[in-house]
>>> print(open('structure.pdb').read())   # PDB, C-alpha atoms and all ligand atoms
ATOM      1  CA  MET D   1      16.150  -3.591   9.249  1.00  0.00           C
ATOM      2  CA  ALA D   2      16.266  -1.316   6.238  1.00  0.00           C
ATOM      3  CA  GLU D   3      13.613   1.348   6.077  1.00  0.00           C
ATOM      4  CA  VAL D   4      11.035   0.817   3.344  1.00  0.00           C
ATOM      5  CA  LYS D   5      11.235   3.725   0.943  1.00  0.00           C
ATOM      6  CA  LEU D   6       8.306   5.289  -0.843  1.00  0.00           C
ATOM      7  CA  THR D   7       8.663   5.164  -4.626  1.00  0.00           C
ATOM      8  CA  ALA D   8       7.983   8.280  -6.679  1.00  0.00           C
ATOM      9  CA  LEU D   9       7.490   8.085 -10.428  1.00  0.00           C
ATOM     10  CA  ILE D  10       8.413  11.317 -12.200  1.00  0.00           C
ATOM     11  CA  VAL D  11       7.097  11.783 -15.742  1.00  0.00           C
ATOM     12  CA  GLU D  12       8.749  14.913 -17.099  1.00  0.00           C
ATOM     13  CA  ASP D  13      10.471  15.547 -20.429  1.00  0.00           C
ATOM     14  CA  GLU D  14      12.492  18.580 -19.337  1.00  0.00           C
ATOM     15  CA  GLU D  15      15.653  16.980 -18.085  1.00  0.00           C
ATOM     16  CA  ASN D  16      16.692  19.692 -15.642  1.00  0.00           C
ATOM     17  CA  ILE D  17      13.266  19.753 -13.965  1.00  0.00           C
ATOM     18  CA  GLY D  18      13.112  15.966 -13.790  1.00  0.00           C
ATOM     19  CA  ASN D  19      16.581  15.762 -12.266  1.00  0.00           C
ATOM     20  CA  PHE D  20      15.782  18.568  -9.830  1.00  0.00           C
ATOM     21  CA  MET D  21      12.676  16.756  -8.587  1.00  0.00           C
ATOM     22  CA  SER D  22      14.477  13.450  -8.413  1.00  0.00           C
ATOM     23  CA  ALA D  23      17.304  14.959  -6.326  1.00  0.00           C
ATOM     24  CA  ILE D  24      14.897  16.579  -3.854  1.00  0.00           C
ATOM     25  CA  LEU D  25      12.914  13.390  -3.449  1.00  0.00           C
ATOM     26  CA  LYS D  26      15.992  11.220  -2.979  1.00  0.00           C
ATOM     27  CA  ALA D  27      17.277  13.650  -0.363  1.00  0.00           C
ATOM     28  CA  ASN D  28      13.961  13.187   1.432  1.00  0.00           C
ATOM     29  CA  GLY D  29      13.998   9.429   1.530  1.00  0.00           C
ATOM     30  CA  PHE D  30      12.201   8.472  -1.675  1.00  0.00           C
ATOM     31  CA  LYS D  31      13.243   6.032  -4.348  1.00  0.00           C
ATOM     32  CA  THR D  32      12.675   7.693  -7.740  1.00  0.00           C
ATOM     33  CA  ILE D  33      11.982   6.536 -11.289  1.00  0.00           C
ATOM     34  CA  LEU D  34      12.318   9.110 -14.034  1.00  0.00           C
ATOM     35  CA  CYS D  35      10.457   8.849 -17.352  1.00  0.00           C
ATOM     36  CA  THR D  36      10.534  11.370 -20.170  1.00  0.00           C
ATOM     37  CA  THR D  37       7.549  10.286 -22.287  1.00  0.00           C
ATOM     38  CA  GLY D  38       3.920   9.469 -21.607  1.00  0.00           C
ATOM     39  CA  ASN D  39       4.265   5.915 -22.895  1.00  0.00           C
ATOM     40  CA  GLN D  40       7.196   5.217 -20.619  1.00  0.00           C
ATOM     41  CA  GLY D  41       5.264   6.786 -17.762  1.00  0.00           C
ATOM     42  CA  ILE D  42       2.253   4.494 -18.253  1.00  0.00           C
ATOM     43  CA  GLN D  43       4.517   1.440 -18.465  1.00  0.00           C
ATOM     44  CA  CYS D  44       6.522   2.378 -15.381  1.00  0.00           C
ATOM     45  CA  ALA D  45       3.353   3.061 -13.404  1.00  0.00           C
ATOM     46  CA  GLU D  46       2.207  -0.469 -14.264  1.00  0.00           C
ATOM     47  CA  SER D  47       5.501  -2.201 -13.543  1.00  0.00           C
ATOM     48  CA  TYR D  48       6.577  -0.333 -10.406  1.00  0.00           C
ATOM     49  CA  CYS D  49       3.224   0.577  -8.804  1.00  0.00           C
ATOM     50  CA  PRO D  50       4.709   3.779  -7.362  1.00  0.00           C
ATOM     51  CA  ASP D  51       3.418   5.368  -4.154  1.00  0.00           C
ATOM     52  CA  ILE D  52       3.097   8.719  -5.872  1.00  0.00           C
ATOM     53  CA  ILE D  53       3.284  10.022  -9.453  1.00  0.00           C
ATOM     54  CA  LEU D  54       4.483  13.478 -10.476  1.00  0.00           C
ATOM     55  CA  LEU D  55       3.160  14.071 -13.948  1.00  0.00           C
ATOM     56  CA  ASP D  56       4.033  16.804 -16.419  1.00  0.00           C
ATOM     57  CA  LEU D  57       1.071  17.748 -18.624  1.00  0.00           C
ATOM     58  CA  GLY D  58       3.145  18.738 -21.651  1.00  0.00           C
ATOM     59  CA  LEU D  59       4.867  15.559 -22.845  1.00  0.00           C
ATOM     60  CA  PRO D  60       6.448  14.968 -26.279  1.00  0.00           C
ATOM     61  CA  ASP D  61       4.399  11.917 -27.289  1.00  0.00           C
ATOM     62  CA  MET D  62       1.017  12.637 -25.687  1.00  0.00           C
ATOM     63  CA  ASP D  63      -0.957  14.957 -23.486  1.00  0.00           C
ATOM     64  CA  GLY D  64      -0.152  14.216 -19.824  1.00  0.00           C
ATOM     65  CA  ALA D  65      -3.909  14.002 -19.251  1.00  0.00           C
ATOM     66  CA  LYS D  66      -3.855  10.754 -21.255  1.00  0.00           C
ATOM     67  CA  VAL D  67      -1.360   9.282 -18.800  1.00  0.00           C
ATOM     68  CA  LEU D  68      -3.592  10.378 -15.942  1.00  0.00           C
ATOM     69  CA  GLU D  69      -6.567   8.733 -17.597  1.00  0.00           C
ATOM     70  CA  ALA D  70      -4.689   5.481 -18.255  1.00  0.00           C
ATOM     71  CA  VAL D  71      -3.340   5.198 -14.701  1.00  0.00           C
ATOM     72  CA  ARG D  72      -6.654   6.128 -13.092  1.00  0.00           C
ATOM     73  CA  GLN D  73      -8.337   3.173 -14.767  1.00  0.00           C
ATOM     74  CA  TRP D  74      -6.653   0.794 -12.382  1.00  0.00           C
ATOM     75  CA  SER D  75      -4.878   2.803  -9.695  1.00  0.00           C
ATOM     76  CA  VAL D  76      -5.698   5.269  -6.933  1.00  0.00           C
ATOM     77  CA  THR D  77      -2.056   6.164  -6.388  1.00  0.00           C
ATOM     78  CA  PRO D  78      -1.752   9.906  -5.742  1.00  0.00           C
ATOM     79  CA  ILE D  79      -0.941  11.957  -8.834  1.00  0.00           C
ATOM     80  CA  VAL D  80       0.369  15.499  -8.647  1.00  0.00           C
ATOM     81  CA  VAL D  81       0.252  17.243 -11.985  1.00  0.00           C
ATOM     82  CA  ILE D  82       3.036  19.594 -13.016  1.00  0.00           C
ATOM     83  CA  SER D  83       1.930  22.389 -15.255  1.00  0.00           C
ATOM     84  CA  ALA D  84       3.070  25.652 -16.732  1.00  0.00           C
ATOM     85  CA  ARG D  85       1.640  28.999 -15.676  1.00  0.00           C
ATOM     86  CA  ASN D  86      -1.544  30.323 -17.242  1.00  0.00           C
ATOM     87  CA  GLN D  87      -3.031  26.895 -17.836  1.00  0.00           C
ATOM     88  CA  GLU D  88      -5.852  27.144 -15.338  1.00  0.00           C
ATOM     89  CA  SER D  89      -8.332  25.239 -17.451  1.00  0.00           C
ATOM     90  CA  GLU D  90      -5.862  22.351 -17.788  1.00  0.00           C
ATOM     91  CA  LYS D  91      -5.358  22.256 -14.047  1.00  0.00           C
ATOM     92  CA  VAL D  92      -9.099  22.142 -13.442  1.00  0.00           C
ATOM     93  CA  ARG D  93      -9.454  19.409 -16.046  1.00  0.00           C
ATOM     94  CA  ALA D  94      -6.666  17.357 -14.439  1.00  0.00           C
ATOM     95  CA  LEU D  95      -8.276  17.688 -10.985  1.00  0.00           C
ATOM     96  CA  ASP D  96     -11.631  16.640 -12.429  1.00  0.00           C
ATOM     97  CA  MET D  97      -9.970  13.630 -14.066  1.00  0.00           C
ATOM     98  CA  GLY D  98      -8.660  12.429 -10.725  1.00  0.00           C
ATOM     99  CA  ALA D  99      -5.380  14.251 -10.144  1.00  0.00           C
ATOM    100  CA  ASP D 100      -4.869  14.899  -6.431  1.00  0.00           C
ATOM    101  CA  ASP D 101      -3.230  18.265  -6.838  1.00  0.00           C
ATOM    102  CA  TYR D 102      -1.047  20.309  -9.136  1.00  0.00           C
ATOM    103  CA  ILE D 103       2.116  22.307  -8.869  1.00  0.00           C
ATOM    104  CA  THR D 104       3.003  25.180 -11.154  1.00  0.00           C
ATOM    105  CA  LYS D 105       6.444  25.642 -12.719  1.00  0.00           C
ATOM    106  CA  PRO D 106       8.719  27.079 -11.506  1.00  0.00           C
ATOM    107  CA  PHE D 107       8.471  25.673  -7.991  1.00  0.00           C
ATOM    108  CA  GLY D 108      10.817  25.270  -5.048  1.00  0.00           C
ATOM    109  CA  ASN D 109      11.651  22.157  -3.058  1.00  0.00           C
ATOM    110  CA  GLN D 110       9.518  23.090  -0.053  1.00  0.00           C
ATOM    111  CA  GLU D 111       6.474  23.555  -2.236  1.00  0.00           C
ATOM    112  CA  LEU D 112       7.090  20.259  -4.005  1.00  0.00           C
ATOM    113  CA  LEU D 113       7.424  18.365  -0.727  1.00  0.00           C
ATOM    114  CA  ALA D 114       4.333  20.017   0.712  1.00  0.00           C
ATOM    115  CA  ARG D 115       2.243  18.951  -2.301  1.00  0.00           C
ATOM    116  CA  ILE D 116       3.535  15.399  -2.085  1.00  0.00           C
ATOM    117  CA  ARG D 117       2.893  15.199   1.647  1.00  0.00           C
ATOM    118  CA  THR D 118      -0.668  16.404   1.244  1.00  0.00           C
ATOM    119  CA  ALA D 119      -1.375  14.064  -1.665  1.00  0.00           C
ATOM    120  CA  LEU D 120      -0.008  11.052   0.238  1.00  0.00           C
ATOM    121  CA  ARG D 121      -1.956  11.930   3.361  1.00  0.00           C
ATOM    122  CA  HIS D 122      -5.191  12.313   1.442  1.00  0.00           C
ATOM    123  CA  ARG D 123      -4.903   8.888  -0.101  1.00  0.00           C
ATOM    124  CA  GLN D 124      -4.317   7.375   3.304  1.00  0.00           C
ATOM    125  CA  GLN D 125      -7.375   8.891   4.904  1.00  0.00           C
ATOM    126  CA  PRO D 126     -10.187   6.989   3.171  1.00  0.00           C
ATOM    127  CA  MET D 127      -8.509   3.708   4.222  1.00  0.00           C
ATOM    128  CA  GLU D 128      -8.945   4.537   7.872  1.00  0.00           C
ATOM    129  CA  ALA D 129     -12.581   5.502   8.085  1.00  0.00           C
ATOM    130  CA  GLY D 130     -13.544   7.500  11.131  1.00  0.00           C
ATOM    131  CA  THR D 131     -10.033   8.616  11.934  1.00  0.00           C
ATOM    132  CA  THR D 132     -10.250  12.031  10.338  1.00  0.00           C
ATOM    133  CA  THR D 133      -8.550  14.460  12.635  1.00  0.00           C
ATOM    134  CA  PRO D 134     -11.075  16.308  14.823  1.00  0.00           C
ATOM    135  CA  VAL D 135      -9.034  19.491  14.850  1.00  0.00           C
ATOM    136  CA  TYR D 136      -7.503  21.876  12.363  1.00  0.00           C
ATOM    137  CA  CYS D 137      -4.653  23.925  13.667  1.00  0.00           C
ATOM    138  CA  ALA D 138      -2.337  26.278  11.767  1.00  0.00           C
ATOM    139  CA  LYS D 139      -0.575  29.370  13.071  1.00  0.00           C
ATOM    140  CA  GLU D 140      -3.209  31.044  15.259  1.00  0.00           C
ATOM    141  CA  LEU D 141      -6.288  29.499  13.705  1.00  0.00           C
ATOM    142  CA  LYS D 142      -8.013  26.505  15.292  1.00  0.00           C
ATOM    143  CA  ILE D 143     -11.129  24.676  14.199  1.00  0.00           C
ATOM    144  CA  ASP D 144     -12.884  22.131  16.370  1.00  0.00           C
ATOM    145  CA  PHE D 145     -14.899  20.053  13.889  1.00  0.00           C
ATOM    146  CA  ASP D 146     -16.904  18.228  16.570  1.00  0.00           C
ATOM    147  CA  LYS D 147     -18.108  21.380  18.242  1.00  0.00           C
ATOM    148  CA  ARG D 148     -18.155  23.350  14.977  1.00  0.00           C
ATOM    149  CA  ARG D 149     -16.266  26.223  16.541  1.00  0.00           C
ATOM    150  CA  VAL D 150     -13.505  28.410  15.122  1.00  0.00           C
ATOM    151  CA  PHE D 151     -10.893  30.252  17.149  1.00  0.00           C
ATOM    152  CA  LEU D 152      -8.326  32.864  16.209  1.00  0.00           C
ATOM    153  CA  LYS D 153      -5.703  33.642  18.856  1.00  0.00           C
ATOM    154  CA  ASP D 154      -7.935  31.767  21.331  1.00  0.00           C
ATOM    155  CA  GLU D 155     -10.875  34.028  20.632  1.00  0.00           C
ATOM    156  CA  GLU D 156     -13.963  32.525  19.120  1.00  0.00           C
ATOM    157  CA  ILE D 157     -14.835  33.734  15.623  1.00  0.00           C
ATOM    158  CA  ARG D 158     -18.502  33.929  14.746  1.00  0.00           C
ATOM    159  CA  LEU D 159     -19.209  32.508  11.321  1.00  0.00           C
ATOM    160  CA  THR D 160     -22.516  32.048   9.557  1.00  0.00           C
ATOM    161  CA  GLN D 161     -23.638  28.513   8.710  1.00  0.00           C
ATOM    162  CA  ILE D 162     -22.415  28.823   5.119  1.00  0.00           C
ATOM    163  CA  GLU D 163     -19.134  30.418   6.157  1.00  0.00           C
ATOM    164  CA  TYR D 164     -18.477  27.580   8.581  1.00  0.00           C
ATOM    165  CA  LYS D 165     -19.271  24.947   5.943  1.00  0.00           C
ATOM    166  CA  LEU D 166     -16.884  26.656   3.565  1.00  0.00           C
ATOM    167  CA  VAL D 167     -14.038  26.974   6.055  1.00  0.00           C
ATOM    168  CA  SER D 168     -14.421  23.418   7.316  1.00  0.00           C
ATOM    169  CA  LEU D 169     -14.526  21.986   3.779  1.00  0.00           C
ATOM    170  CA  LEU D 170     -11.239  23.750   3.001  1.00  0.00           C
ATOM    171  CA  ALA D 171      -9.724  22.828   6.367  1.00  0.00           C
ATOM    172  CA  GLU D 172     -10.606  19.152   5.975  1.00  0.00           C
ATOM    173  CA  ASN D 173      -8.730  19.300   2.679  1.00  0.00           C
ATOM    174  CA  ALA D 174      -6.001  21.609   3.955  1.00  0.00           C
ATOM    175  CA  GLY D 175      -2.955  21.899   1.752  1.00  0.00           C
ATOM    176  CA  ARG D 176      -4.927  20.818  -1.279  1.00  0.00           C
ATOM    177  CA  VAL D 177      -6.502  22.982  -3.938  1.00  0.00           C
ATOM    178  CA  ILE D 178     -10.271  22.695  -4.036  1.00  0.00           C
ATOM    179  CA  THR D 179     -11.961  23.829  -7.232  1.00  0.00           C
ATOM    180  CA  TYR D 180     -14.734  26.442  -7.278  1.00  0.00           C
ATOM    181  CA  GLU D 181     -17.094  23.915  -8.788  1.00  0.00           C
ATOM    182  CA  PHE D 182     -16.405  21.316  -6.107  1.00  0.00           C
ATOM    183  CA  ILE D 183     -17.024  23.866  -3.354  1.00  0.00           C
ATOM    184  CA  ILE D 184     -20.238  25.138  -4.908  1.00  0.00           C
ATOM    185  CA  LYS D 185     -21.610  21.608  -5.383  1.00  0.00           C
ATOM    186  CA  ASN D 186     -20.689  20.634  -1.839  1.00  0.00           C
ATOM    187  CA  ILE D 187     -22.190  23.659  -0.171  1.00  0.00           C
ATOM    188  CA  TRP D 188     -25.074  24.697  -2.374  1.00  0.00           C
ATOM    189  CA  GLY D 189     -25.879  21.297  -3.867  1.00  0.00           C
ATOM    190  CA  PRO D 190     -25.504  19.609  -7.261  1.00  0.00           C
ATOM    191  CA  HIS D 191     -28.064  21.816  -8.948  1.00  0.00           C
ATOM    192  CA  ALA D 192     -26.543  25.086  -7.817  1.00  0.00           C
ATOM    193  CA  ASP D 193     -25.627  27.653 -10.394  1.00  0.00           C
ATOM    194  CA  ASN D 194     -21.975  27.424 -11.233  1.00  0.00           C
ATOM    195  CA  ASN D 195     -21.656  31.093 -10.453  1.00  0.00           C
ATOM    196  CA  ASN D 196     -18.701  32.043  -8.323  1.00  0.00           C
ATOM    197  CA  GLN D 197     -20.151  35.321  -7.136  1.00  0.00           C
ATOM    198  CA  ILE D 198     -21.834  34.013  -3.988  1.00  0.00           C
ATOM    199  CA  LEU D 199     -18.712  32.032  -3.176  1.00  0.00           C
ATOM    200  CA  ARG D 200     -16.531  35.130  -3.541  1.00  0.00           C
ATOM    201  CA  VAL D 201     -18.817  37.156  -1.289  1.00  0.00           C
ATOM    202  CA  ASN D 202     -18.694  34.488   1.411  1.00  0.00           C
ATOM    203  CA  MET D 203     -14.933  34.163   1.087  1.00  0.00           C
ATOM    204  CA  ALA D 204     -14.510  37.934   1.445  1.00  0.00           C
ATOM    205  CA  ASN D 205     -16.564  37.801   4.663  1.00  0.00           C
ATOM    206  CA  ILE D 206     -14.542  34.880   6.021  1.00  0.00           C
ATOM    207  CA  ARG D 207     -11.277  36.610   5.246  1.00  0.00           C
ATOM    208  CA  ARG D 208     -12.419  39.745   7.019  1.00  0.00           C
ATOM    209  CA  LYS D 209     -13.002  37.615  10.099  1.00  0.00           C
ATOM    210  CA  ILE D 210      -9.909  35.419  10.103  1.00  0.00           C
ATOM    211  CA  GLU D 211      -7.205  37.205   8.142  1.00  0.00           C
ATOM    212  CA  GLU D 212      -5.196  40.067   9.561  1.00  0.00           C
ATOM    213  CA  ASN D 213      -4.895  41.506   6.059  1.00  0.00           C
ATOM    214  CA  PRO D 214      -7.584  40.025   3.786  1.00  0.00           C
ATOM    215  CA  ALA D 215      -5.654  41.263   0.732  1.00  0.00           C
ATOM    216  CA  VAL D 216      -2.646  39.138   1.720  1.00  0.00           C
ATOM    217  CA  PRO D 217      -4.277  36.033   3.203  1.00  0.00           C
ATOM    218  CA  GLN D 218      -2.211  33.681   5.323  1.00  0.00           C
ATOM    219  CA  TYR D 219      -4.823  30.968   5.879  1.00  0.00           C
ATOM    220  CA  ILE D 220      -6.912  30.674   2.721  1.00  0.00           C
ATOM    221  CA  TYR D 221      -5.125  31.314  -0.576  1.00  0.00           C
ATOM    222  CA  THR D 222      -6.735  31.988  -3.918  1.00  0.00           C
ATOM    223  CA  GLU D 223      -5.541  29.756  -6.742  1.00  0.00           C
ATOM    224  CA  VAL D 224      -6.410  32.069  -9.599  1.00  0.00           C
ATOM    225  CA  GLY D 225      -8.901  30.591 -12.044  1.00  0.00           C
ATOM    226  CA  VAL D 226      -8.998  27.270 -10.163  1.00  0.00           C
ATOM    227  CA  GLY D 227     -10.165  27.521  -6.563  1.00  0.00           C
ATOM    228  CA  TYR D 228      -8.882  27.899  -3.001  1.00  0.00           C
ATOM    229  CA  ARG D 229      -6.234  26.221  -0.922  1.00  0.00           C
ATOM    230  CA  MET D 230      -6.077  26.347   2.862  1.00  0.00           C
ATOM    231  CA  LEU D 231      -2.818  26.407   4.787  1.00  0.00           C
ATOM    232  CA  GLU D 232      -1.746  22.893   5.716  1.00  0.00           C
ATOM    233  CA  ASN D 233      -2.870  21.486   9.041  1.00  0.00           C
ATOM    234  CA  GLU D 234       0.175  21.656  11.332  1.00  0.00           C
ATOM    235  CA  LEU D 235      -0.813  18.394  12.970  1.00  0.00           C
ATOM    236  CA  PHE D 236       0.258  16.668   9.736  1.00  0.00           C
ATOM    237  CA  SER D 237       3.160  18.719   8.475  1.00  0.00           C
ATOM    238  CA  GLN D 238       5.767  16.571  10.209  1.00  0.00           C
ATOM    239  CA  MET D 239       4.797  13.373   8.411  1.00  0.00           C
ATOM    240  CA  ILE D 240       7.600  13.361   5.832  1.00  0.00           C
ATOM    241  CA  LYS D 241      11.075  14.365   6.864  1.00  0.00           C
TER     242      LYS D 241
HETATM  243 CA    CA B 301       7.010  19.288 -20.622  1.00  0.00          CA
END
>>> encode(input="structure.pdb", output="structure tokens")
Amino acid sequence: MAEVKLTALIVEDEENIGNFMSAILKANGFKTILCTTGNQGIQCAESYCPDIILLDLGLPDMDGAKVLEAVRQWSVTPIVVISARNQESEKVRALDMGADDYITKPFGNQELLARIRTALRHRQQPMEAGTTTPVYCAKELKIDFDKRRVFLKDEEIRLTQIEYKLVSLLAENAGRVITYEFIIKNIWGPHADNNNQILRVNMANIRRKIEENPAVPQYIYTEVGVGYRMLENELFSQMIK
């Protein structure tokens, strides 16, 4: 029996980037559809119902955000936005509009596949309520969500209540960028000041506890101007070959 392939819709007007993504995805078992305008992208999303959409924000006929908006009206298919450097506010806007993640040009194939894997996994989770993995595990860091305990090289790390909430929020969304605003609302509540200072102080304390060199973090990365991204949970990284 033939294996059922996942379909990826690529909406990208730069031919070389579109072809590059298409080649990587095909080599990794996807069927791909390539569109070069926003209108085509919206139409193809409707006719093919792809499993994932890779969407460039700078399209010749419309802002990629318009495509995102149109598709999100009827579909929860994962959307990874492709954007140029120094467009932090656009990335934040795309995430707020329902994009699952973003990737910044130029990117390599490993990074592209990692983003896709994470986006696909995250869309699968809400379908299977109660099956969230009870453990985060990457390199030498382990988090036991049931017992609310964190270990580094098998030694328990003592975190404050807030620090634990912050680490577990990132770990539950590992591999995915989480915006400053989302973190602040989740930890300090919807009426909290949208002031990143308290978040930065807590993150500095966490990094001192879990990172060998807090200036070059290997577990929690800063996505400048956008938020934080935690290293992918190794229990999931084998999902797409
Ligand atoms: Ca473009």
>>> residues_near_ligand(input="structure.pdb", ligand="ligand CA 301 (chain B)", cutoff="6 Å", atoms="all atoms listed in the file", output="list in words")
Glu12, Asp13, Glu14, Asp56, Gly58 and Leu59 of chain D
>>> closest_residue(input="structure.pdb", among="D:Lys5, D:Lys66, D:Lys147, D:Lys153", to="Phe30 of chain D", atoms="only C-alpha atoms")
D:Lys5
>>> residues_around(input="structure.pdb", residues="segment 39-46 of chain D", least_positions_apart="4", cutoff="12 Å", atoms="only C-alpha atoms", output="PyMOL selection string")
chain D and resi 7-13+32-35+50-57+59-79
>>> resolve_selection(input="structure.pdb", expression="the PyMOL selection byres (((chain D and resi 228) around 8) and not hetatm)", output="ChimeraX atom specification")
/D:170,177-180,220-223,226-227,229-230
>>> atom_distance(input="structure.pdb", atom1="atom CA of Trp188 of chain D", atom2="atom CA of Leu159 of chain D")
16.8 Å
>>> closest_residue(input="structure.pdb", among="D:Val80, D:Cys49, D:Leu169, D:Thr37", to="Leu112 of chain D", atoms="all atoms listed in the file")
D:Val80
>>> residues_near_point(input="structure.pdb", point="(17.0, 23.5, -5.0)", cutoff="10 Å", atoms="only C-alpha atoms", output="list of chain:residue names")
D:Phe20, D:Met21, D:Ala23, D:Ile24, D:Phe107, D:Gly108, D:Asn109, D:Gln110
>>> write_last_selection(input="structure.pdb", atoms="C-alpha atoms", output="mmCIF file, in the coordinates of the input")
data_model
loop_
_atom_site.group_PDB
_atom_site.id
_atom_site.type_symbol
_atom_site.label_atom_id
_atom_site.label_comp_id
_atom_site.auth_asym_id
_atom_site.auth_seq_id
_atom_site.Cartn_x
_atom_site.Cartn_y
_atom_site.Cartn_z
ATOM 1 C CA PHE D 20 15.782 18.568 -9.830
ATOM 2 C CA MET D 21 12.676 16.756 -8.587
ATOM 3 C CA ALA D 23 17.304 14.959 -6.326
ATOM 4 C CA ILE D 24 14.897 16.579 -3.854
ATOM 5 C CA PHE D 107 8.471 25.673 -7.991
ATOM 6 C CA GLY D 108 10.817 25.270 -5.048
ATOM 7 C CA ASN D 109 11.651 22.157 -3.058
ATOM 8 C CA GLN D 110 9.518 23.090 -0.053
#
>>> closest_residue(input="structure.pdb", among="D:Val92, D:Leu231, D:Ala171, D:Leu166", to="Arg200 of chain D", atoms="only C-alpha atoms")
D:Leu166
>>> atom_distance(input="structure.pdb", atom1="atom CA of Glu155 of chain D", atom2="atom CA of Gln218 of chain D")
17.6 Å
>>> atom_distance(input="structure.pdb", atom1="atom CA of Asp96 of chain D", atom2="atom CA of Glu111 of chain D")
21.9 Å
>>> closest_residue(input="structure.pdb", among="D:Val135, D:Ile82, D:Ala204, D:Ile183", to="Asp100 of chain D", atoms="all atoms listed in the file")
D:Ile82
>>> closest_residue(input="structure.pdb", among="D:Asp101, D:Glu211, D:Glu172, D:Asp144", to="Asn233 of chain D", atoms="all atoms listed in the file")
D:Glu172
>>> residues_near_point(input="structure.pdb", point="(7.4, 28.9, -16.6)", cutoff="10 Å", atoms="all atoms listed in the file", output="NGL selection string")
:D and (83-86 or 104-107)
>>> closest_residue(input="structure.pdb", among="D:Ala174, D:Val216, D:Asn202, D:Leu152", to="Arg115 of chain D", atoms="only C-alpha atoms")
D:Ala174
>>> decode(input="structure.pdb", residues="segment 21-75 of chain D", atoms="C-alpha atoms", output="short mmCIF file (atom, residue, chain, number, x, y, z; two decimals), in the first residue's frame")
data_model
loop_
_atom_site.label_atom_id
_atom_site.label_comp_id
_atom_site.auth_asym_id
_atom_site.auth_seq_id
_atom_site.Cartn_x
_atom_site.Cartn_y
_atom_site.Cartn_z
CA MET D 21 11.79 24.60 -0.13
CA SER D 22 9.94 22.36 -2.53
CA ALA D 23 13.04 20.20 -3.11
CA ILE D 24 13.71 19.79 0.62
CA LEU D 25 10.12 18.87 1.32
CA LYS D 26 9.92 16.38 -1.53
CA ALA D 27 13.14 14.77 -0.33
CA ASN D 28 11.46 14.38 3.06
CA GLY D 29 8.33 12.69 1.84
CA PHE D 30 5.98 15.60 1.20
CA LYS D 31 3.90 16.35 -1.84
CA THR D 32 4.33 20.05 -2.67
CA ILE D 33 2.28 22.74 -4.42
CA LEU D 34 4.06 25.95 -5.30
CA CYS D 35 2.24 29.28 -5.72
CA THR D 36 3.83 32.63 -6.45
CA THR D 37 1.00 35.05 -5.62
CA GLY D 38 -1.36 35.54 -2.71
CA ASN D 39 -4.44 34.95 -4.84
CA GLN D 40 -3.11 31.66 -6.13
CA GLY D 41 -2.17 30.73 -2.58
CA ILE D 42 -5.70 31.32 -1.26
CA GLN D 43 -7.19 29.32 -4.14
CA CYS D 44 -4.77 26.42 -3.74
CA ALA D 45 -5.38 26.31 0.01
CA GLU D 46 -9.10 25.96 -0.73
CA SER D 47 -8.77 23.36 -3.48
CA TYR D 48 -6.02 21.17 -2.01
CA CYS D 49 -6.60 21.54 1.75
CA PRO D 50 -2.87 21.14 2.43
CA ASP D 51 -1.52 19.68 5.67
CA ILE D 52 0.79 22.64 6.11
CA ILE D 53 1.26 26.06 4.48
CA LEU D 54 4.56 27.90 4.14
CA LEU D 55 3.70 31.51 3.50
CA ASP D 56 5.93 34.36 2.41
CA LEU D 57 4.80 37.71 3.84
CA GLY D 58 6.06 39.81 0.93
CA LEU D 59 3.99 38.78 -2.10
CA PRO D 60 3.59 40.73 -5.36
CA ASP D 61 -0.21 41.05 -5.32
CA MET D 62 -0.97 41.34 -1.59
CA ASP D 63 0.45 41.28 1.89
CA GLY D 64 0.97 37.66 2.98
CA ALA D 65 -0.96 38.54 6.13
CA LYS D 66 -4.08 38.78 3.94
CA VAL D 67 -3.58 35.19 2.83
CA LEU D 68 -3.19 34.17 6.46
CA GLU D 69 -6.39 35.97 7.34
CA ALA D 70 -8.33 34.41 4.46
CA VAL D 71 -7.17 30.85 5.22
CA ARG D 72 -7.72 31.20 8.96
CA GLN D 73 -11.39 31.97 8.40
CA TRP D 74 -12.07 28.36 7.58
CA SER D 75 -8.94 26.33 8.30
#
